[in-house]
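start-v6.txt (compact mmCIF, N, CA and C atoms) appears below.
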# COMPACT_ATOMS: atom_id res chain seq x y z
N MET O 268 8.56 -106.06 -28.04
CA MET O 268 8.13 -106.66 -29.29
C MET O 268 6.61 -106.51 -29.40
N GLN O 269 6.16 -105.61 -30.23
CA GLN O 269 4.74 -105.33 -30.40
C GLN O 269 4.20 -106.09 -31.61
N ILE O 270 3.45 -107.15 -31.36
CA ILE O 270 2.92 -107.95 -32.44
C ILE O 270 1.39 -107.92 -32.51
N ILE O 271 0.75 -107.31 -31.53
CA ILE O 271 -0.71 -107.21 -31.52
C ILE O 271 -1.08 -105.81 -32.01
N SER O 272 -1.79 -105.73 -33.12
CA SER O 272 -2.20 -104.44 -33.68
C SER O 272 -3.33 -103.84 -32.84
N ARG O 273 -3.63 -102.57 -33.10
CA ARG O 273 -4.74 -101.90 -32.40
C ARG O 273 -6.06 -102.62 -32.64
N LYS O 274 -6.30 -103.00 -33.89
CA LYS O 274 -7.56 -103.66 -34.23
C LYS O 274 -7.67 -105.01 -33.52
N ALA O 275 -6.60 -105.79 -33.56
CA ALA O 275 -6.61 -107.09 -32.88
C ALA O 275 -6.76 -106.89 -31.37
N HIS O 276 -6.12 -105.86 -30.83
CA HIS O 276 -6.21 -105.58 -29.40
C HIS O 276 -7.66 -105.28 -29.01
N GLY O 277 -8.34 -104.50 -29.83
CA GLY O 277 -9.75 -104.19 -29.56
C GLY O 277 -10.61 -105.45 -29.54
N LEU O 278 -10.38 -106.33 -30.49
CA LEU O 278 -11.14 -107.59 -30.52
C LEU O 278 -10.84 -108.44 -29.29
N ILE O 279 -9.58 -108.49 -28.91
CA ILE O 279 -9.19 -109.23 -27.70
C ILE O 279 -9.86 -108.64 -26.47
N ASP O 280 -9.87 -107.30 -26.38
CA ASP O 280 -10.50 -106.65 -25.22
C ASP O 280 -11.96 -107.07 -25.07
N TYR O 281 -12.73 -107.01 -26.16
CA TYR O 281 -14.14 -107.36 -26.07
C TYR O 281 -14.35 -108.86 -25.84
N PHE O 282 -13.49 -109.68 -26.39
CA PHE O 282 -13.56 -111.12 -26.11
C PHE O 282 -13.35 -111.36 -24.61
N LEU O 283 -12.36 -110.69 -24.02
CA LEU O 283 -12.09 -110.88 -22.60
C LEU O 283 -13.21 -110.33 -21.73
N VAL O 284 -13.88 -109.27 -22.18
CA VAL O 284 -15.04 -108.75 -21.44
C VAL O 284 -16.14 -109.83 -21.42
N LEU O 285 -16.41 -110.43 -22.57
CA LEU O 285 -17.41 -111.50 -22.63
C LEU O 285 -16.99 -112.69 -21.76
N PHE O 286 -15.71 -113.01 -21.81
CA PHE O 286 -15.18 -114.09 -20.98
C PHE O 286 -15.41 -113.80 -19.49
N LEU O 287 -15.14 -112.58 -19.06
CA LEU O 287 -15.33 -112.21 -17.66
C LEU O 287 -16.80 -112.26 -17.26
N PHE O 288 -17.70 -111.79 -18.16
CA PHE O 288 -19.13 -111.86 -17.84
C PHE O 288 -19.61 -113.31 -17.73
N ALA O 289 -19.03 -114.21 -18.51
CA ALA O 289 -19.44 -115.61 -18.49
C ALA O 289 -18.76 -116.43 -17.39
N ALA O 290 -17.63 -115.97 -16.90
CA ALA O 290 -16.81 -116.75 -15.97
C ALA O 290 -17.53 -117.17 -14.68
N PRO O 291 -18.27 -116.28 -14.01
CA PRO O 291 -18.90 -116.72 -12.75
C PRO O 291 -19.84 -117.91 -12.94
N VAL O 292 -20.63 -117.88 -13.99
CA VAL O 292 -21.55 -118.99 -14.23
C VAL O 292 -20.78 -120.21 -14.72
N SER O 293 -19.85 -119.99 -15.65
CA SER O 293 -19.09 -121.10 -16.24
C SER O 293 -18.23 -121.84 -15.22
N PHE O 294 -17.64 -121.10 -14.29
CA PHE O 294 -16.72 -121.71 -13.33
C PHE O 294 -17.33 -121.89 -11.94
N GLY O 295 -18.59 -121.52 -11.77
CA GLY O 295 -19.26 -121.70 -10.49
C GLY O 295 -18.82 -120.73 -9.41
N PHE O 296 -18.40 -119.52 -9.80
CA PHE O 296 -17.99 -118.53 -8.81
C PHE O 296 -19.22 -118.05 -8.04
N ILE O 297 -19.04 -117.82 -6.75
CA ILE O 297 -20.11 -117.28 -5.91
C ILE O 297 -19.54 -116.18 -5.03
N GLY O 298 -20.41 -115.43 -4.44
CA GLY O 298 -20.02 -114.40 -3.48
C GLY O 298 -19.10 -113.34 -4.05
N VAL O 299 -18.10 -112.98 -3.25
CA VAL O 299 -17.17 -111.90 -3.60
C VAL O 299 -16.46 -112.19 -4.92
N LEU O 300 -16.09 -113.42 -5.15
CA LEU O 300 -15.39 -113.78 -6.39
C LEU O 300 -16.26 -113.50 -7.61
N ALA O 301 -17.52 -113.85 -7.55
CA ALA O 301 -18.44 -113.59 -8.67
C ALA O 301 -18.64 -112.09 -8.85
N TYR O 302 -18.92 -111.37 -7.78
CA TYR O 302 -19.15 -109.93 -7.87
C TYR O 302 -17.91 -109.20 -8.40
N PHE O 303 -16.76 -109.59 -7.92
CA PHE O 303 -15.53 -108.95 -8.37
C PHE O 303 -15.30 -109.21 -9.86
N THR O 304 -15.60 -110.41 -10.31
CA THR O 304 -15.41 -110.75 -11.72
C THR O 304 -16.36 -109.94 -12.60
N TYR O 305 -17.61 -109.77 -12.18
CA TYR O 305 -18.54 -108.91 -12.92
C TYR O 305 -18.06 -107.46 -12.92
N PHE O 306 -17.54 -107.02 -11.77
CA PHE O 306 -17.00 -105.66 -11.69
C PHE O 306 -15.84 -105.47 -12.67
N MET O 307 -14.95 -106.47 -12.76
CA MET O 307 -13.83 -106.38 -13.69
C MET O 307 -14.32 -106.38 -15.14
N ALA O 308 -15.36 -107.14 -15.43
CA ALA O 308 -15.93 -107.14 -16.78
C ALA O 308 -16.45 -105.74 -17.13
N CYS O 309 -17.14 -105.12 -16.20
CA CYS O 309 -17.65 -103.75 -16.44
C CYS O 309 -16.51 -102.75 -16.58
N THR O 310 -15.47 -102.92 -15.77
CA THR O 310 -14.31 -102.04 -15.84
C THR O 310 -13.64 -102.14 -17.20
N TYR O 311 -13.37 -103.36 -17.66
CA TYR O 311 -12.72 -103.54 -18.96
C TYR O 311 -13.62 -103.08 -20.10
N LEU O 312 -14.92 -103.27 -19.98
CA LEU O 312 -15.85 -102.79 -21.01
C LEU O 312 -15.80 -101.26 -21.09
N THR O 313 -15.76 -100.60 -19.96
CA THR O 313 -15.68 -99.14 -19.94
C THR O 313 -14.37 -98.66 -20.55
N ILE O 314 -13.27 -99.28 -20.17
CA ILE O 314 -11.97 -98.88 -20.72
C ILE O 314 -11.97 -99.07 -22.23
N ALA O 315 -12.45 -100.20 -22.71
CA ALA O 315 -12.47 -100.47 -24.15
C ALA O 315 -13.37 -99.48 -24.89
N ALA O 316 -14.53 -99.20 -24.34
CA ALA O 316 -15.48 -98.30 -25.00
C ALA O 316 -14.93 -96.88 -25.12
N PHE O 317 -14.17 -96.44 -24.13
CA PHE O 317 -13.66 -95.07 -24.13
C PHE O 317 -12.32 -94.90 -24.84
N THR O 318 -11.70 -95.98 -25.27
CA THR O 318 -10.37 -95.89 -25.88
C THR O 318 -10.45 -95.44 -27.33
N ASP O 319 -9.48 -94.64 -27.72
CA ASP O 319 -9.39 -94.12 -29.09
C ASP O 319 -8.68 -95.15 -29.97
N TYR O 320 -9.42 -96.20 -30.34
CA TYR O 320 -8.96 -97.20 -31.29
C TYR O 320 -10.18 -97.69 -32.05
N SER O 321 -9.97 -98.55 -33.04
CA SER O 321 -11.07 -98.94 -33.92
C SER O 321 -12.24 -99.58 -33.17
N ALA O 322 -11.98 -100.24 -32.07
CA ALA O 322 -13.04 -100.89 -31.31
C ALA O 322 -13.71 -99.97 -30.30
N GLY O 323 -13.18 -98.77 -30.10
CA GLY O 323 -13.75 -97.84 -29.13
C GLY O 323 -15.00 -97.18 -29.67
N PHE O 324 -15.92 -96.87 -28.78
CA PHE O 324 -17.16 -96.21 -29.17
C PHE O 324 -17.13 -94.72 -28.87
N ILE O 325 -16.55 -94.34 -27.76
CA ILE O 325 -16.54 -92.95 -27.33
C ILE O 325 -15.22 -92.27 -27.67
N LYS O 326 -14.13 -93.00 -27.72
CA LYS O 326 -12.81 -92.57 -28.19
C LYS O 326 -12.28 -91.31 -27.48
N GLN O 327 -12.30 -91.33 -26.17
CA GLN O 327 -11.80 -90.20 -25.38
C GLN O 327 -10.46 -90.49 -24.71
N MET O 328 -10.10 -91.77 -24.58
CA MET O 328 -8.88 -92.15 -23.88
C MET O 328 -7.80 -92.51 -24.90
N PRO O 329 -6.63 -91.89 -24.80
CA PRO O 329 -5.54 -92.26 -25.71
C PRO O 329 -5.17 -93.74 -25.54
N PHE O 330 -4.80 -94.37 -26.65
CA PHE O 330 -4.48 -95.79 -26.61
C PHE O 330 -3.28 -96.06 -25.70
N ALA O 331 -2.34 -95.13 -25.64
CA ALA O 331 -1.18 -95.30 -24.75
C ALA O 331 -1.62 -95.36 -23.29
N LEU O 332 -2.59 -94.53 -22.90
CA LEU O 332 -3.11 -94.57 -21.54
C LEU O 332 -3.83 -95.89 -21.28
N HIS O 333 -4.57 -96.36 -22.26
CA HIS O 333 -5.22 -97.67 -22.19
C HIS O 333 -4.18 -98.74 -21.86
N GLY O 334 -3.05 -98.68 -22.54
CA GLY O 334 -1.97 -99.65 -22.31
C GLY O 334 -1.40 -99.57 -20.91
N THR O 335 -1.23 -98.36 -20.42
CA THR O 335 -0.71 -98.17 -19.06
C THR O 335 -1.69 -98.73 -18.03
N ILE O 336 -2.97 -98.46 -18.23
CA ILE O 336 -3.99 -98.98 -17.31
C ILE O 336 -4.00 -100.50 -17.33
N GLU O 337 -3.92 -101.09 -18.53
CA GLU O 337 -3.92 -102.55 -18.62
C GLU O 337 -2.69 -103.16 -17.95
N LEU O 338 -1.57 -102.53 -18.12
CA LEU O 338 -0.35 -103.03 -17.49
C LEU O 338 -0.49 -103.00 -15.96
N LEU O 339 -0.97 -101.87 -15.44
CA LEU O 339 -1.16 -101.74 -13.99
C LEU O 339 -2.21 -102.71 -13.47
N LEU O 340 -3.31 -102.87 -14.23
CA LEU O 340 -4.35 -103.80 -13.80
C LEU O 340 -3.86 -105.25 -13.84
N GLY O 341 -3.03 -105.58 -14.82
CA GLY O 341 -2.47 -106.93 -14.89
C GLY O 341 -1.66 -107.25 -13.65
N VAL O 342 -0.81 -106.31 -13.26
CA VAL O 342 0.00 -106.49 -12.05
C VAL O 342 -0.91 -106.56 -10.81
N ALA O 343 -1.90 -105.66 -10.75
CA ALA O 343 -2.81 -105.62 -9.61
C ALA O 343 -3.61 -106.92 -9.49
N LEU O 344 -4.05 -107.47 -10.62
CA LEU O 344 -4.84 -108.69 -10.57
C LEU O 344 -4.05 -109.88 -10.04
N VAL O 345 -2.78 -109.95 -10.40
CA VAL O 345 -1.95 -111.03 -9.84
C VAL O 345 -1.80 -110.83 -8.33
N GLY O 346 -1.62 -109.59 -7.90
CA GLY O 346 -1.54 -109.30 -6.47
C GLY O 346 -2.84 -109.61 -5.75
N ILE O 347 -3.96 -109.25 -6.38
CA ILE O 347 -5.27 -109.51 -5.79
C ILE O 347 -5.51 -111.01 -5.66
N ALA O 348 -5.00 -111.79 -6.60
CA ALA O 348 -5.16 -113.24 -6.55
C ALA O 348 -4.62 -113.80 -5.24
N TYR O 349 -3.54 -113.21 -4.75
CA TYR O 349 -2.90 -113.74 -3.54
C TYR O 349 -3.28 -113.00 -2.26
N THR O 350 -4.01 -111.91 -2.39
CA THR O 350 -4.46 -111.20 -1.19
C THR O 350 -5.96 -111.38 -0.99
N LEU O 351 -6.75 -110.80 -1.85
CA LEU O 351 -8.21 -110.89 -1.72
C LEU O 351 -8.71 -112.32 -1.87
N PHE O 352 -8.10 -113.08 -2.78
CA PHE O 352 -8.56 -114.44 -3.04
C PHE O 352 -7.55 -115.50 -2.60
N GLY O 353 -6.67 -115.15 -1.68
CA GLY O 353 -5.66 -116.09 -1.20
C GLY O 353 -6.25 -117.33 -0.57
N HIS O 354 -7.43 -117.19 0.01
CA HIS O 354 -8.10 -118.32 0.67
C HIS O 354 -8.97 -119.12 -0.30
N ASN O 355 -9.18 -118.60 -1.50
CA ASN O 355 -10.07 -119.21 -2.47
C ASN O 355 -9.24 -119.72 -3.66
N GLU O 356 -9.05 -121.03 -3.74
CA GLU O 356 -8.19 -121.60 -4.79
C GLU O 356 -8.66 -121.22 -6.19
N HIS O 357 -9.97 -121.22 -6.42
CA HIS O 357 -10.49 -120.88 -7.74
C HIS O 357 -10.18 -119.43 -8.09
N GLY O 358 -10.38 -118.55 -7.15
CA GLY O 358 -10.09 -117.14 -7.37
C GLY O 358 -8.61 -116.89 -7.56
N LYS O 359 -7.80 -117.56 -6.76
CA LYS O 359 -6.35 -117.39 -6.87
C LYS O 359 -5.85 -117.83 -8.24
N ILE O 360 -6.26 -119.00 -8.66
CA ILE O 360 -5.82 -119.53 -9.96
C ILE O 360 -6.37 -118.67 -11.10
N PHE O 361 -7.67 -118.33 -11.04
CA PHE O 361 -8.30 -117.56 -12.12
C PHE O 361 -7.62 -116.20 -12.30
N TYR O 362 -7.43 -115.46 -11.20
CA TYR O 362 -6.87 -114.12 -11.33
C TYR O 362 -5.36 -114.11 -11.53
N THR O 363 -4.67 -115.14 -11.13
CA THR O 363 -3.25 -115.25 -11.47
C THR O 363 -3.10 -115.43 -12.98
N ILE O 364 -3.89 -116.35 -13.53
CA ILE O 364 -3.83 -116.59 -14.98
C ILE O 364 -4.36 -115.39 -15.76
N PHE O 365 -5.50 -114.85 -15.34
CA PHE O 365 -6.08 -113.71 -16.06
C PHE O 365 -5.15 -112.50 -16.00
N GLY O 366 -4.58 -112.23 -14.85
CA GLY O 366 -3.63 -111.11 -14.73
C GLY O 366 -2.41 -111.32 -15.61
N ALA O 367 -1.90 -112.54 -15.65
CA ALA O 367 -0.74 -112.84 -16.50
C ALA O 367 -1.07 -112.68 -17.97
N VAL O 368 -2.26 -113.11 -18.37
CA VAL O 368 -2.69 -112.94 -19.77
C VAL O 368 -2.79 -111.45 -20.10
N ARG O 369 -3.37 -110.67 -19.19
CA ARG O 369 -3.47 -109.22 -19.43
C ARG O 369 -2.09 -108.60 -19.55
N LEU O 370 -1.15 -109.04 -18.73
CA LEU O 370 0.22 -108.53 -18.82
C LEU O 370 0.85 -108.88 -20.17
N LEU O 371 0.66 -110.10 -20.62
CA LEU O 371 1.22 -110.50 -21.92
C LEU O 371 0.61 -109.70 -23.06
N ILE O 372 -0.70 -109.49 -23.00
CA ILE O 372 -1.36 -108.68 -24.03
C ILE O 372 -0.81 -107.26 -24.00
N ALA O 373 -0.63 -106.71 -22.82
CA ALA O 373 -0.07 -105.36 -22.70
C ALA O 373 1.35 -105.29 -23.23
N LEU O 374 2.13 -106.29 -22.95
CA LEU O 374 3.53 -106.27 -23.38
C LEU O 374 3.70 -106.46 -24.89
N PHE O 375 2.77 -107.17 -25.52
CA PHE O 375 2.89 -107.45 -26.94
C PHE O 375 2.04 -106.55 -27.84
N SER O 376 1.33 -105.58 -27.25
CA SER O 376 0.52 -104.67 -28.05
C SER O 376 1.29 -103.43 -28.46
N ASP O 377 0.93 -102.91 -29.62
CA ASP O 377 1.55 -101.70 -30.15
C ASP O 377 0.69 -100.51 -29.74
N TYR O 378 1.10 -99.80 -28.70
CA TYR O 378 0.31 -98.68 -28.17
C TYR O 378 0.66 -97.34 -28.80
N LYS O 379 1.49 -97.34 -29.82
CA LYS O 379 1.88 -96.07 -30.46
C LYS O 379 0.92 -95.67 -31.54
Re-express the file's structure as structure tokens.
Amino acid sequence: MQIISRKAHGLIDYFLVLFLFAAPVSFGFIGVLAYFTYFMACTYLTIAAFTDYSAGFIKQMPFALHGTIELLLGVALVGIAYTLFGHNEHGKIFYTIFGAVRLLIALFSDYK
């Protein structure tokens, strides 16, 4: 069921990039958790900028590939929550929820 349009998806992507950049300060992340969160913000910003949709700037990546990457990253983030951040409750909760949100966005977006 695809209910998120390309344009809405682009806006969501950039909102989540801003959210990731603000998260370490907002939630008091330090060390590896903070660095990883900034890294994810840069990763999502790069993916969004290179995607061929209305919000993309460089438009070199097909939107379908963008969707596949987001789906894989959503699954990976939930896994990372319990491996890399298994000892850190804040990291575990943050990346479990963030990964699940990314999966939902991927599942409800129209990548055609």
Check: Just how far from atom N of O:Phe286 is atom C of O:Tyr305, in Å to one decimal?
Finding: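 About the pair atom C of O:Tyr305 and atom N of O:Phe286: they are 10.7 Å apart.
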Problem set entry | Those in stretch 280-351 of chain O with helix (DSSP H, G or I) from DSSP, as a VMD selection string | chain O and resid 280 to 294 298 to 317 330 to 350
Residues within 6 Å of O:Lys359, only N, CA and C atoms, excluding chain neighbours under 6 positions, as a list of chain:residue names |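 So the residues in contact are O:Ala348, O:Tyr349, O:Phe352, O:Gly353.
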Any chance you could work out the axis-aligned box around stretch 341-360 of chain O, listed atoms only, 3 Å on each side, giving centre and edge lengths in Å to one decimal, as AutoDock Vina command-line options?
--center_x -5.2 --center_y -113.6 --center_z -7.1 --size_x 16.5 --size_y 22.0 --size_z 21.6
note - atom C of O:Tyr320 and atom CA of O:Arg369 are separated by 18.4 Å
O:His276 environment, 8 Å, only N, CA and C atoms, sequence neighbours closer than 6 positions dropped, as an mmCIF file with N, CA and C atoms, in the coordinates of the input:
data_model
loop_
_atom_site.group_PDB
_atom_site.id
_atom_site.type_symbol
_atom_site.label_atom_id
_atom_site.label_comp_id
_atom_site.auth_asym_id
_atom_site.auth_seq_id
_atom_site.Cartn_x
_atom_site.Cartn_y
_atom_site.Cartn_z
ATOM 1 N N ILE O 270 3.450 -107.150 -31.360
ATOM 2 C CA ILE O 270 2.920 -107.950 -32.440
ATOM 3 C C ILE O 270 1.390 -107.920 -32.510
ATOM 4 N N PHE O 282 -13.490 -109.680 -26.390
ATOM 5 C CA PHE O 282 -13.560 -111.120 -26.110
ATOM 6 C C PHE O 282 -13.350 -111.360 -24.610
ATOM 7 N N ALA O 322 -11.980 -100.240 -32.070
ATOM 8 C CA ALA O 322 -13.040 -100.890 -31.310
ATOM 9 C C ALA O 322 -13.710 -99.970 -30.300
ATOM 10 N N ILE O 372 -0.700 -109.490 -23.000
ATOM 11 C CA ILE O 372 -1.360 -108.680 -24.030
ATOM 12 C C ILE O 372 -0.810 -107.260 -24.000
ATOM 13 N N SER O 376 1.330 -105.580 -27.250
ATOM 14 C CA SER O 376 0.520 -104.670 -28.050
ATOM 15 C C SER O 376 1.290 -103.430 -28.460
ATOM 16 N N ASP O 377 0.930 -102.910 -29.620
ATOM 17 C CA ASP O 377 1.550 -101.700 -30.150
ATOM 18 C C ASP O 377 0.690 -100.510 -29.740
#
Which residues come within 6 Å of stretch 341-344 of chain O, counting all atoms listed in the file, excluding same-chain residues fewer than 4 positions away, as a PyMOL selection string? chain O and resi 336-337+348+362-363+366-367+369-370
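Restricting the calculation to all atoms listed in the file, the smallest distance between O:Leu340 and any of O:Leu278, O:Leu283, O:Ser293, O:Phe365 is found for O:Phe365.
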Q: Find, counting all atoms listed in the file, the residue in O:Val368, O:Ala275, O:Thr304, O:Leu374 that gets nearest to O:Ala290.
A: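 That would be O:Thr304, the residue with the smallest distance to O:Ala290.
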Using all atoms listed in the file, the shortest atom-to-atom distance to O:Gly358 among O:Leu300, O:Leu287, O:Ala308, O:Ile271 belongs to O:Leu300
Self-check item: For O:Phe306, the nearest of the candidates O:Phe288, O:Ile360, O:Pro329, O:Tyr281, counting only N, CA and C atoms
Solution: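 Looking only at the distances to O:Phe306, the closest residue turns out to be O:Phe288.
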Here atom CA of O:Ile314 and atom CA of O:His333 stand apart by 7.0 Å
For O:Ser321, work out the shell of residues within 8 Å, counting only C-alpha atoms and skipping chain neighbours fewer than 4 positions away, then give it as an MDAnalysis selection string. chainID O and resid 273:274 277
**Prompt:** Quick one: of O:Cys309, O:Ala289, O:Ile364, O:Ala331, who's nearest to O:Tyr378, counting all atoms listed in the file?
**Reply:**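 Once distances to O:Tyr378 are computed over all atoms listed in the file, the minimum belongs to O:Ala331.
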